[in-house]
file start-v7.cif (mmCIF, C-alpha atoms)
data_coords
#
loop_
_atom_site.label_atom_id
_atom_site.label_comp_id
_atom_site.auth_asym_id
_atom_site.auth_seq_id
_atom_site.Cartn_x
_atom_site.Cartn_y
_atom_site.Cartn_z
CA SER A 116 -116.25 -170.86 75.90
CA ALA A 117 -115.03 -167.49 74.68
CA SER A 118 -114.45 -168.94 71.20
CA ALA A 119 -118.18 -169.38 70.78
CA PHE A 120 -118.51 -165.61 70.72
CA THR A 121 -115.51 -164.85 68.49
CA THR A 122 -115.95 -164.14 64.79
CA SER A 123 -113.22 -164.19 62.20
CA PRO A 124 -111.16 -161.01 61.91
CA ALA A 125 -112.42 -160.43 58.38
CA GLY A 126 -116.01 -160.44 59.53
CA ARG A 127 -115.64 -158.35 62.63
CA VAL A 128 -116.13 -154.63 62.84
CA SER A 129 -113.24 -153.16 64.78
CA THR A 130 -114.04 -151.80 68.21
CA SER A 131 -110.58 -150.29 68.64
CA LEU A 132 -110.86 -147.02 70.54
CA ASN A 133 -107.57 -145.21 70.68
CA ILE A 134 -107.21 -142.48 73.29
CA ALA A 135 -108.23 -139.25 71.63
CA PRO A 136 -106.41 -135.97 72.29
CA GLY A 137 -108.12 -134.18 75.13
CA GLU A 138 -109.88 -137.31 76.39
CA THR A 139 -110.69 -137.14 80.09
CA LYS A 140 -108.29 -139.41 81.94
CA ALA A 141 -109.60 -142.04 84.33
CA SER A 142 -107.89 -140.29 87.24
CA GLU A 143 -109.81 -137.10 86.43
CA LYS A 144 -113.05 -139.07 86.23
CA VAL A 145 -112.47 -140.37 89.75
CA VAL A 146 -112.54 -136.81 91.04
CA GLN A 147 -115.79 -136.20 89.15
CA ALA A 148 -117.33 -139.47 90.34
CA PHE A 149 -116.83 -138.60 94.01
CA ALA A 150 -117.47 -134.87 93.81
CA ASP A 151 -120.91 -135.20 95.42
CA LYS A 152 -120.01 -138.02 97.81
CA PRO A 153 -119.72 -137.51 101.57
CA GLU A 154 -116.35 -136.68 103.04
CA GLU A 155 -114.66 -139.34 105.14
CA ASP A 156 -115.96 -139.47 108.72
CA PRO A 157 -112.84 -140.16 110.85
CA GLU A 158 -114.78 -141.71 113.73
CA PHE A 159 -116.79 -144.00 111.45
CA ASP A 160 -113.68 -144.77 109.39
CA ALA A 161 -111.98 -146.05 112.52
CA LEU A 162 -115.05 -148.14 113.38
CA VAL A 163 -115.12 -149.80 109.95
CA LYS A 164 -111.40 -150.52 109.96
CA ALA A 165 -111.56 -151.95 113.49
CA ASN A 166 -114.12 -154.47 112.28
CA PHE A 167 -112.60 -155.01 108.83
CA PRO A 168 -108.83 -154.50 109.01
CA GLY A 169 -107.52 -153.74 105.54
CA ALA A 170 -110.69 -152.01 104.35
CA ILE A 171 -110.42 -148.70 102.49
CA ASN A 172 -113.15 -146.29 101.51
CA ASN A 173 -114.39 -146.39 97.94
CA ARG A 174 -112.88 -143.01 97.05
CA ASP A 175 -109.40 -144.17 98.02
CA LEU A 176 -110.01 -147.54 96.36
CA ALA A 177 -110.98 -146.01 93.02
CA THR A 178 -108.12 -143.51 93.16
CA ARG A 179 -105.50 -146.19 93.76
CA VAL A 180 -106.95 -148.71 91.30
CA VAL A 181 -107.07 -146.15 88.51
CA GLU A 182 -103.52 -144.94 89.20
CA LEU A 183 -102.14 -148.48 89.03
CA LEU A 184 -104.10 -149.36 85.90
CA GLU A 185 -103.20 -146.15 84.07
CA GLU A 186 -99.56 -147.23 84.39
CA LYS A 187 -100.47 -150.35 82.43
CA GLY A 188 -102.35 -148.51 79.70
CA PHE A 189 -105.95 -148.86 80.93
CA SER A 190 -108.13 -145.90 79.96
CA PRO A 191 -111.88 -145.22 79.82
CA SER A 192 -111.88 -145.70 76.05
CA ASN A 193 -109.97 -148.99 75.84
CA THR A 194 -111.31 -150.77 78.94
CA LEU A 195 -114.44 -152.84 79.47
CA LEU A 196 -115.67 -153.05 83.06
CA ALA A 197 -117.10 -156.42 84.12
CA THR A 198 -118.67 -156.96 87.53
CA SER A 199 -119.93 -159.89 89.57
CA LEU A 200 -121.71 -158.25 92.49
CA CYS A 201 -124.94 -158.94 94.36
CA ALA A 202 -128.33 -157.98 92.92
CA ASP A 203 -128.95 -155.75 95.96
CA GLU A 204 -129.19 -152.06 95.02
CA LEU A 205 -126.52 -151.28 97.61
CA ALA A 206 -124.04 -153.25 95.51
CA ARG A 207 -124.65 -150.75 92.72
CA VAL A 208 -122.82 -148.04 94.68
CA LEU A 209 -119.36 -149.47 93.99
CA GLU A 210 -120.42 -150.56 90.53
CA ASP A 211 -121.79 -147.14 89.58
CA GLU A 212 -118.65 -145.42 90.83
CA PHE A 213 -116.51 -147.50 88.47
CA VAL A 214 -119.06 -147.17 85.66
CA SER A 215 -118.69 -143.41 85.91
CA ILE A 216 -114.96 -143.91 85.27
CA TYR A 217 -114.82 -146.70 82.67
CA GLY A 218 -118.33 -146.72 81.18
CA ASN A 219 -121.15 -149.26 81.23
CA ASN A 220 -120.36 -152.61 82.80
CA PHE A 221 -120.98 -156.18 81.68
CA ASN A 222 -122.85 -157.87 84.55
CA LEU A 223 -121.66 -161.37 85.42
CA GLY A 224 -123.17 -161.65 88.89
CA GLY A 225 -126.29 -162.47 90.82
CA LEU A 226 -127.38 -163.10 94.39
CA SER A 227 -124.59 -162.72 96.98
CA GLY A 228 -122.22 -161.76 94.14
CA PHE A 229 -121.75 -165.25 92.70
CA PRO A 230 -120.78 -165.28 88.98
CA PHE A 231 -124.02 -166.82 87.72
CA ALA A 232 -123.32 -165.75 84.12
CA GLY A 233 -120.66 -168.45 84.17
CA ASN A 234 -118.47 -169.48 81.25
CA THR A 235 -121.03 -168.39 78.67
CA GLY A 236 -121.30 -164.90 80.14
CA TRP A 237 -117.53 -164.60 80.38
CA GLY A 238 -117.16 -165.59 76.73
CA ALA A 239 -119.73 -163.02 75.66
CA MET A 240 -118.08 -160.33 77.77
CA SER A 241 -114.63 -161.09 76.39
CA ALA A 242 -115.89 -160.58 72.85
CA HIS A 243 -116.98 -157.05 73.80
CA VAL A 244 -113.55 -155.89 75.01
CA PRO A 245 -112.13 -153.27 72.60
CA ASP A 246 -109.52 -154.59 70.17
CA ASN A 247 -106.09 -154.41 71.81
CA GLY A 248 -107.91 -153.27 74.94
CA PHE A 249 -108.29 -154.31 78.54
CA CYS A 250 -110.86 -155.69 80.95
CA LEU A 251 -111.25 -154.70 84.58
CA THR A 252 -113.24 -157.33 86.48
CA ILE A 253 -114.54 -156.54 89.97
CA HIS A 254 -116.24 -159.16 92.11
CA GLY A 255 -117.11 -160.06 95.66
CA PRO A 256 -119.90 -160.43 98.22
CA HIS A 257 -121.13 -157.55 100.35
CA VAL A 258 -121.96 -156.92 103.98
CA GLY A 259 -123.55 -154.04 105.83
CA ILE A 260 -122.40 -152.18 108.89
CA THR A 261 -124.50 -149.65 110.79
CA LYS A 262 -123.26 -146.39 112.24
CA ASP A 263 -123.00 -148.02 115.66
CA GLY A 264 -121.00 -150.98 114.32
CA LEU A 265 -123.63 -153.70 113.92
CA ILE A 266 -122.45 -156.05 111.17
CA GLY A 267 -124.97 -157.66 108.81
CA LYS A 268 -127.34 -154.68 109.05
CA VAL A 269 -127.40 -151.32 107.28
CA GLU A 270 -129.40 -148.11 107.13
CA ARG A 271 -131.13 -147.75 103.76
CA SER A 272 -132.40 -144.57 102.16
CA GLY A 273 -136.11 -143.96 102.78
CA ILE A 274 -136.53 -147.01 105.04
CA ALA A 275 -136.87 -146.56 108.79
CA LEU A 276 -136.04 -150.20 109.49
CA VAL A 277 -132.36 -151.09 109.79
CA ASP A 278 -132.25 -153.89 107.23
CA ASN A 279 -130.28 -157.08 106.63
CA CYS A 280 -127.29 -156.83 104.31
CA CYS A 281 -126.68 -159.15 102.51
CA GLY A 282 -130.15 -160.70 102.72
CA SER A 283 -129.31 -163.58 100.38
CA ALA A 284 -126.13 -164.42 102.28
CA ILE A 285 -127.88 -164.28 105.66
CA ALA A 286 -130.70 -166.50 104.41
CA ALA A 287 -128.13 -169.02 103.17
CA SER A 288 -126.26 -168.80 106.47
CA ASN A 289 -129.46 -169.44 108.42
CA TYR A 290 -130.24 -172.42 106.18
CA LEU A 291 -126.74 -173.79 106.83
CA LYS A 292 -127.03 -173.19 110.57
CA GLY A 293 -130.27 -175.12 110.60
CA ILE A 294 -128.50 -178.07 109.01
CA THR A 295 -125.48 -178.01 111.32
CA ASP A 296 -127.56 -177.73 114.50
CA GLY A 297 -130.06 -180.31 113.29
CA SER A 298 -133.17 -178.14 113.24
CA ALA A 299 -133.62 -177.73 109.47
CA ASN A 300 -135.88 -179.57 107.11
CA ILE A 301 -133.80 -180.22 104.00
CA ASN A 302 -135.53 -178.82 100.94
CA PRO A 303 -135.52 -181.50 98.21
CA ARG A 304 -136.36 -178.79 95.66
CA ILE A 305 -133.37 -176.61 96.47
CA GLN A 306 -132.68 -176.06 92.78
CA GLN A 307 -136.21 -175.19 91.71
CA PHE A 308 -136.10 -172.72 88.86
CA THR A 309 -138.13 -170.00 90.56
CA ASP A 310 -135.41 -169.55 93.19
CA PHE A 311 -132.45 -171.14 91.44
CA GLN A 312 -129.83 -168.59 92.45
CA GLN A 313 -130.64 -168.71 96.15
CA GLY A 314 -130.64 -172.50 96.03
CA ALA A 315 -127.19 -172.38 94.47
CA VAL A 316 -125.93 -169.93 97.13
CA GLN A 317 -127.15 -172.32 99.83
CA GLU A 318 -125.31 -175.23 98.21
CA LEU A 319 -122.12 -173.25 97.65
CA ILE A 320 -121.94 -172.23 101.32
CA LEU A 321 -122.36 -175.78 102.64
CA PRO A 322 -118.58 -176.47 102.97
CA PHE A 323 -118.26 -173.56 105.40
CA GLY A 324 -120.60 -174.83 108.11
CA LYS A 325 -117.94 -175.54 110.75
CA ARG A 326 -116.03 -172.36 109.92
CA LEU A 327 -119.11 -170.23 110.48
CA ASN A 328 -120.16 -172.11 113.61
CA ASP A 329 -116.70 -171.60 115.11
CA ALA A 330 -116.53 -167.90 114.23
CA ASP A 331 -116.63 -165.34 117.04
CA ASN A 332 -118.88 -163.19 114.85
CA ARG A 333 -120.84 -165.19 112.29
CA MET A 334 -121.99 -162.11 110.34
CA LYS A 335 -118.43 -160.83 110.09
CA GLU A 336 -117.08 -164.19 108.92
CA LEU A 337 -119.92 -164.83 106.45
CA PRO A 338 -118.77 -162.55 103.61
CA TYR A 339 -115.24 -163.95 103.83
CA ALA A 340 -116.55 -167.51 103.52
CA LEU A 341 -118.62 -166.47 100.51
CA TYR A 342 -115.60 -164.73 99.03
CA ASP A 343 -113.47 -167.86 99.27
CA SER A 344 -116.10 -169.79 97.31
CA GLN A 345 -116.50 -167.03 94.71
CA ASP A 346 -112.75 -166.58 94.32
CA ILE A 347 -112.38 -170.19 93.22
CA LEU A 348 -115.30 -169.94 90.79
CA VAL A 349 -114.25 -166.66 89.18
CA ARG A 350 -110.64 -167.71 88.67
CA ASP A 351 -111.80 -171.02 87.20
CA ILE A 352 -114.06 -169.14 84.76
CA ILE A 353 -111.21 -166.82 83.79
CA ASN A 354 -108.85 -169.74 83.28
CA GLY A 355 -111.40 -171.49 81.06
CA GLY A 356 -111.91 -168.37 78.97
CA LYS A 357 -108.40 -166.89 79.02
CA GLY A 358 -108.17 -167.19 75.26
CA GLY A 359 -110.55 -164.23 75.11
CA ILE A 360 -108.21 -161.89 77.01
CA LYS A 361 -106.87 -159.21 74.68
CA GLN A 362 -104.18 -156.80 75.87
CA GLY A 363 -104.64 -157.65 79.53
CA LEU A 364 -107.04 -158.24 82.41
CA ALA A 365 -107.12 -156.82 85.93
CA LEU A 366 -109.02 -158.81 88.55
CA LEU A 367 -110.04 -156.84 91.64
CA SER A 368 -111.89 -158.80 94.30
CA GLY A 369 -112.78 -158.52 97.94
CA ILE A 370 -115.58 -157.60 100.32
CA GLN A 371 -117.95 -154.70 99.68
CA ILE A 372 -118.87 -152.98 102.94
CA ASN A 373 -122.11 -151.02 102.61
CA THR A 374 -122.87 -148.16 104.98
CA ALA A 375 -125.54 -145.54 105.60
CA PRO A 376 -126.44 -143.14 102.76
CA ASP A 377 -124.51 -140.26 104.33
CA THR A 378 -121.20 -142.11 104.70
CA LEU A 379 -118.75 -143.52 102.18
CA ASP A 380 -118.91 -147.21 101.38
CA TYR A 381 -115.81 -149.34 101.92
CA PHE A 382 -114.06 -152.26 100.24
CA HIS A 383 -111.66 -154.83 101.65
CA PRO A 384 -109.40 -155.80 98.74
CA LEU A 385 -108.27 -159.41 98.87
CA ARG A 386 -106.97 -159.86 95.32
CA PHE A 387 -105.74 -157.48 92.62
CA ASP A 388 -104.11 -159.57 89.90
CA TYR A 389 -102.92 -158.63 86.43
CA TYR A 390 -103.22 -161.18 83.61
CA ASP A 391 -101.23 -160.78 80.41
CA SER A 392 -102.60 -161.39 76.91
CA GLU A 393 -101.84 -165.10 77.27
CA GLY A 394 -104.03 -165.39 80.34
CA ASN A 395 -101.18 -165.76 82.81
CA VAL A 396 -101.16 -164.00 86.17
CA VAL A 397 -97.96 -161.98 85.91
CA GLU A 398 -98.35 -159.60 88.81
CA SER A 399 -100.18 -159.10 92.07
CA MET A 400 -100.87 -155.41 92.64
CA LEU A 401 -102.51 -155.97 96.01
CA ASP A 402 -99.61 -154.69 98.11
CA GLU A 403 -99.43 -151.51 96.05
CA LEU A 404 -103.19 -151.05 96.32
CA THR A 405 -103.27 -151.43 100.09
CA ALA A 406 -99.99 -149.69 100.93
#
call {"tool": "encode", "arguments": {"input": "start-v7.cif", "output": "structure tokens"}}
result
Amino acid sequence: SASAFTTSPAGRVSTSLNIAPGETKASEKVVQAFADKPEEDPEFDALVKANFPGAINNRDLATRVVELLEEKGFSPSNTLLATSLCADELARVLEDEFVSIYGNNFNLGGLSGFPFAGNTGWGAMSAHVPDNGFCLTIHGPHVGITKDGLIGKVERSGIALVDNCCGSAIAASNYLKGITDGSANINPRIQQFTDFQQGAVQELILPFGKRLNDADNRMKELPYALYDSQDILVRDIINGGKGGIKQGLALLSGIQINTAPDTLDYFHPLRFDYYDSEGNVVESMLDELTA
């Protein structure tokens, strides 16, 4: 629990970081973070949004998130960024963009974006939030889309082969498909330590077998099935550790959509909740984010 990582006030060195005069605002850092990023490609933008209605490019996402959080007092100096995203380097794109705004992140995630750091990791992270400060938590699975609209694949820098994305999710989906169509050999060592995370992903996707089999596009439905599983886990972890929330917590979650190196990545926001200092969800900012 978070209490395991909390020391008495008398023994704790304050991490309070008040906004200093002249400090660069988060909204200004967004401009800097995307200064060298590609401009939006209207044709590709339409392609992404046709396949993922509700998706927005990462530049617009960061701009809107920061604007909404600045209204609540979030700043680069009083906010700790926590992320639960896949281990894939493509998942670092979104993460690095927000790191450039709020500073180094506390990593809670692992394969497919599941919060493998669990309650212990959440408790440790909560203890690192500045006194009277905030936490912005971003989580979700990811999926690739190629320039010609193929979902579950993506062009990677320096690699001629159009590669799977997310490889962990697709491997788990294939394992599940083998079970549902009767062709798989069940692995009795699914939780062996040397591949523990992938074994866990395969178990956590099991309830979605029929949903994926019935989907018109399995690769398109896969990240949403993973998200539904992760959403339950992350909110349960937050609820168990809500005593560690300080001034407030913003939870942004959805689907990362990775694209080729010369196009902007996208994100489909599915939750943007604000928790007060008591750990209660007091506002959904999703409509404002996606308006």
call {"tool": "atom_distance", "arguments": {"input": "start-v7.cif", "atom1": "atom CA of A:Leu195", "atom2": "atom CA of A:Asp211"}}
result
13.7 Å
call {"tool": "closest_residue", "arguments": {"input": "start-v7.cif", "among": "A:Ser199, A:Thr261, A:Thr309, A:Gln317", "to": "A:Ser288", "atoms": "only C-alpha atoms"}}
result
A:Gln317
call {"tool": "resolve_selection", "arguments": {"input": "start-v7.cif", "expression": "the PyMOL selection byres ((chain A and resi 375-390) around 6)", "output": "VMD selection string"}}
result
chain A and resid 153 169 to 173 270 363 to 374 391 394 to 401
call {"tool": "resolve_selection", "arguments": {"input": "start-v7.cif", "expression": "the PyMOL selection byres ((chain A and resi 284) around 9)", "output": "list in words"}}
result
Leu226, Ser227, Pro256, His257, Val258, Cys280, Cys281, Gly282, Ser283, Ile285, Ala286, Ala287, Ser288, Asn289, Gln313, Val316, Gln317, Ile320, Leu337, Pro338 and Leu341 of chain A
call {"tool": "atom_distance", "arguments": {"input": "start-v7.cif", "atom1": "atom CA of A:Leu276", "atom2": "atom CA of A:Leu205"}}
result
15.3 Å
call {"tool": "axis_aligned_box", "arguments": {"input": "start-v7.cif", "around": "stretch 222-228 of chain A", "padding_each_side": "6 Å", "output": "AutoDock Vina command-line options"}}
result
--center_x -124.5 --center_y -160.5 --center_z 90.8 --size_x 17.7 --size_y 17.2 --size_z 24.4
call {"tool": "atom_distance", "arguments": {"input": "start-v7.cif", "atom1": "atom CA of A:Gly228", "atom2": "atom CA of A:His254"}}
result
6.8 Å
call {"tool": "closest_residue", "arguments": {"input": "start-v7.cif", "among": "A:Asp160, A:Asp203, A:Asp351, A:Asp346", "to": "A:Ile260", "atoms": "all atoms listed in the file"}}
result
A:Asp160
call {"tool": "closest_residue", "arguments": {"input": "start-v7.cif", "among": "A:Thr194, A:Asn247, A:Ser142, A:Ser344", "to": "A:Leu319", "atoms": "all atoms listed in the file"}}
result
A:Ser344
call {"tool": "resolve_selection", "arguments": {"input": "start-v7.cif", "expression": "the PyMOL selection byres ((chain A and resi 187) around 10)", "output": "ChimeraX atom specification"}}
result
/A:181-186,188-190,249,362-363,365,389
call {"tool": "closest_residue", "arguments": {"input": "start-v7.cif", "among": "A:Glu393, A:Gly248, A:Tyr217, A:Asp151", "to": "A:Asn354", "atoms": "all atoms listed in the file"}}
result
A:Glu393
call {"tool": "closest_residue", "arguments": {"input": "start-v7.cif", "among": "A:Phe308, A:Glu154, A:Gly267, A:Ile216", "to": "A:Arg333", "atoms": "all atoms listed in the file"}}
result
A:Gly267
